[in-house]
Amino acid sequence: MRRVTLFLNGSPKNGKVVAVYGTLSDLLSVASSKLGIKATSVYNGKGGLIDDIALIRDDDVLFVCEGEPFIDPQTDSKPEGLTGSHTDWLTLNVGGRYFTTTRSTLVNKEPDSMLAHMFKDKDVWGNKQDHRGAFLIDRSPEYFEPILNYLRHGQLIVNDGINLLGVLEEARFFGIDSLIEHLEVAIKNSQPPEDHSPISRKEFVRFLLATPTKSELRCQCANLQGVKMLCSNAEGASLKQCNFEDPSGLKANLEGANLKGVDMEGSQMTGINLRVATLKNAKLKNCNLRGATLAGTDLENCDLSGCDLQEANLRGSNVKGAIFEEMLTPLHMSQSVR
């Protein structure tokens with residue numbers, strides 16, 4: 001069994017002695033575990049790339065690389081023989097996570113982006129590298145990964161659990177304009193479609209019971225056919241253009257409900273039961289209240305202008321300050337109020 005000492009590329013310190021066995025892939029796997037990197041290649045002390053494990057001898061000193069070319073730990077430079085595509089590799093330290101890519105990937109896809117300007121010159125950011133020579137970028141690594149992959153192959157691929165809004169923010173920061181358009185479309189498509197279907201009576205009651213008394217309840221244009229709200233509290237709610245009519249003959253029952261300040265403008269409430277309900281300062285403008293029961297109801301300062309109150313029962317109701325302008329049908333003596 002052979003033993004070798006592994007060093008991180010370019011560093012003569014913190015070596016790890018390991019046993020050599022199996023294939024070169026096995027050695028790279030051990031090196032990755034021992035040095036905490038994703039090892040991709042192994043060099044001898046002279047900068048020679050090892051492509052066969054049989055070339056390794058006992059007690060050899062080896063340097064492990066994570067994508068970047070070999071750096072001589074004595075001179076802190078690359079051997080003269082390593083040129084061309086090897087010198088194009090870069091390692092980025094993004095928020096503590098390492099990414100290895102090529103300079104052309106960062107520059108060619110979006111030449112006007114921040115990343116392109118940062119890395120188009122080989123000596124850029126020379127004083128902003130960590131102890132491993134990786135270029136430091138203080139951004140979120142989980143949002144940077146989809147951006148780097150997009151620059152590699154032009155496709156937007158985002159793993160489950162990654163917030164697209166976060167990726168969009170990073171794309172804007174780095175100036176990846178074409179990716180911004182893709183992300184905006186993806187975010188729009190990920191939103192659930194708006195539900196314009198009528199609300200059921202059961203759903204309305206559930207919303208009402210779950211709404212704190214000081215919160216604003218909005219159910220505009222809801223279908224509330226035959227709903228029951230006996231002694232319920234919907235003070236200040238917005239119920240504009242709601243439909244309380246039920247073609248089956250079942251009438252909505254809001255007897256004793258607290259509807260103080262409620263906005264029910266334009267609602268259909270034929271035959272509705274509002275007996276002894278509180279509608280003080282409510283807005284019932286242009287409502288259809290034909291045949292409604294409003295006996296004993298508090299309608300003080302209630303706006304009933306433009307309403308249809310034909311055959312409505314207003315006996316004993318309080319209409320102090322109520323507005324009865326532009327009524328569709330006049331009030332009759334039989335609809336006596338106090």
# chains A, B, ... in the order shown; residues from 1 in each chain; ligands from 1

call {"tool": "residues_around", "arguments": {"residues": "A:Leu289", "least_positions_apart": "2", "cutoff": "8 Å", "atoms": "only C-alpha atoms", "output": "PDB file with N, CA and C atoms, in the first residue's frame"}}
result
ATOM      1  N   GLN A 268     -78.069  43.046  -4.065  1.00  0.00           N
ATOM      2  CA  GLN A 268     -79.396  42.488  -4.329  1.00  0.00           C
ATOM      3  C   GLN A 268     -79.882  41.796  -3.049  1.00  0.00           C
ATOM      4  N   MET A 269     -80.923  42.380  -2.408  1.00  0.00           N
ATOM      5  CA  MET A 269     -81.371  41.886  -1.106  1.00  0.00           C
ATOM      6  C   MET A 269     -82.892  41.731  -1.052  1.00  0.00           C
ATOM      7  N   THR A 270     -83.460  41.267  -2.124  1.00  0.00           N
ATOM      8  CA  THR A 270     -84.916  41.067  -2.152  1.00  0.00           C
ATOM      9  C   THR A 270     -85.333  40.092  -1.049  1.00  0.00           C
ATOM     10  N   GLY A 271     -86.300  40.540  -0.222  1.00  0.00           N
ATOM     11  CA  GLY A 271     -86.844  39.683   0.821  1.00  0.00           C
ATOM     12  C   GLY A 271     -85.903  39.397   1.976  1.00  0.00           C
ATOM     13  N   ILE A 272     -84.793  40.095   2.083  1.00  0.00           N
ATOM     14  CA  ILE A 272     -83.824  39.841   3.140  1.00  0.00           C
ATOM     15  C   ILE A 272     -84.423  40.171   4.507  1.00  0.00           C
ATOM     16  N   CYS A 287     -79.595  49.812  -3.449  1.00  0.00           N
ATOM     17  CA  CYS A 287     -79.846  48.401  -3.126  1.00  0.00           C
ATOM     18  C   CYS A 287     -81.272  48.010  -3.495  1.00  0.00           C
ATOM     19  N   GLY A 291     -89.488  43.991  -0.614  1.00  0.00           N
ATOM     20  CA  GLY A 291     -90.017  42.961   0.270  1.00  0.00           C
ATOM     21  C   GLY A 291     -89.142  42.650   1.466  1.00  0.00           C
ATOM     22  N   ALA A 292     -88.116  43.478   1.745  1.00  0.00           N
ATOM     23  CA  ALA A 292     -87.203  43.221   2.863  1.00  0.00           C
ATOM     24  C   ALA A 292     -87.886  43.494   4.193  1.00  0.00           C
ATOM     25  N   CYS A 307     -82.746  53.368  -3.513  1.00  0.00           N
ATOM     26  CA  CYS A 307     -83.143  51.998  -3.187  1.00  0.00           C
ATOM     27  C   CYS A 307     -84.562  51.696  -3.671  1.00  0.00           C
ATOM     28  N   ASP A 308     -84.817  50.418  -3.855  1.00  0.00           N
ATOM     29  CA  ASP A 308     -86.164  49.937  -4.151  1.00  0.00           C
ATOM     30  C   ASP A 308     -86.703  49.304  -2.866  1.00  0.00           C
ATOM     31  N   LEU A 309     -87.634  50.022  -2.198  1.00  0.00           N
ATOM     32  CA  LEU A 309     -88.183  49.563  -0.921  1.00  0.00           C
ATOM     33  C   LEU A 309     -89.646  49.145  -1.051  1.00  0.00           C
ATOM     34  N   GLN A 310     -90.049  48.793  -2.268  1.00  0.00           N
ATOM     35  CA  GLN A 310     -91.446  48.403  -2.464  1.00  0.00           C
ATOM     36  C   GLN A 310     -91.771  47.186  -1.601  1.00  0.00           C
ATOM     37  N   ALA A 312     -91.394  46.749   1.384  1.00  0.00           N
ATOM     38  CA  ALA A 312     -90.483  46.508   2.496  1.00  0.00           C
ATOM     39  C   ALA A 312     -91.164  46.881   3.810  1.00  0.00           C
TER      40      ALA A 312
END

call {"tool": "residues_around", "arguments": {"residues": "A:Tyr43", "least_positions_apart": "3", "cutoff": "8 Å", "atoms": "only C-alpha atoms", "output": "list in words"}}
result
Lys46, Gly47, Gly48, Leu49, Ile50, Leu62, Phe63, Val64, Cys65 and Phe70 of chain A

call {"tool": "residues_around", "arguments": {"residues": "A:Asn163", "least_positions_apart": "4", "cutoff": "10 Å", "atoms": "only C-alpha atoms", "output": "ChimeraX atom specification"}}
result
/A:142-143,158-159,167-168,187

call {"tool": "residues_around", "arguments": {"residues": "A:Glu184", "least_positions_apart": "3", "cutoff": "12 Å", "atoms": "only C-alpha atoms", "output": "list of chain:residue names"}}
result
A:Leu156, A:Leu164, A:Leu165, A:Gly166, A:Val167, A:Leu168, A:Glu169, A:Ala171, A:Arg172, A:Asp177, A:Ser178, A:Leu179, A:Ile180, A:Glu181, A:Ile187, A:Lys188, A:Asn189, A:Ser190, A:Gln191

call {"tool": "closest_residue", "arguments": {"among": "A:Asn253, A:Asn318, A:Thr5, A:Thr91", "to": "A:Asp130", "atoms": "only C-alpha atoms"}}
result
A:Thr91

call {"tool": "atom_distance", "arguments": {"atom1": "atom CA of A:Cys302", "atom2": "atom CA of A:Ala322"}}
result
4.7 Å

call {"tool": "residues_around", "arguments": {"residues": "A:Asn301", "least_positions_apart": "4", "cutoff": "7 Å", "atoms": "only C-alpha atoms", "output": "list in words"}}
result
Lys280, Asn281, Lys320, Gly321, Ala322 and Ile323 of chain A

call {"tool": "closest_residue", "arguments": {"among": "A:Arg315, A:Lys38, A:His117, A:Lys260", "to": "A:Tyr98", "atoms": "only C-alpha atoms"}}
result
A:Lys38
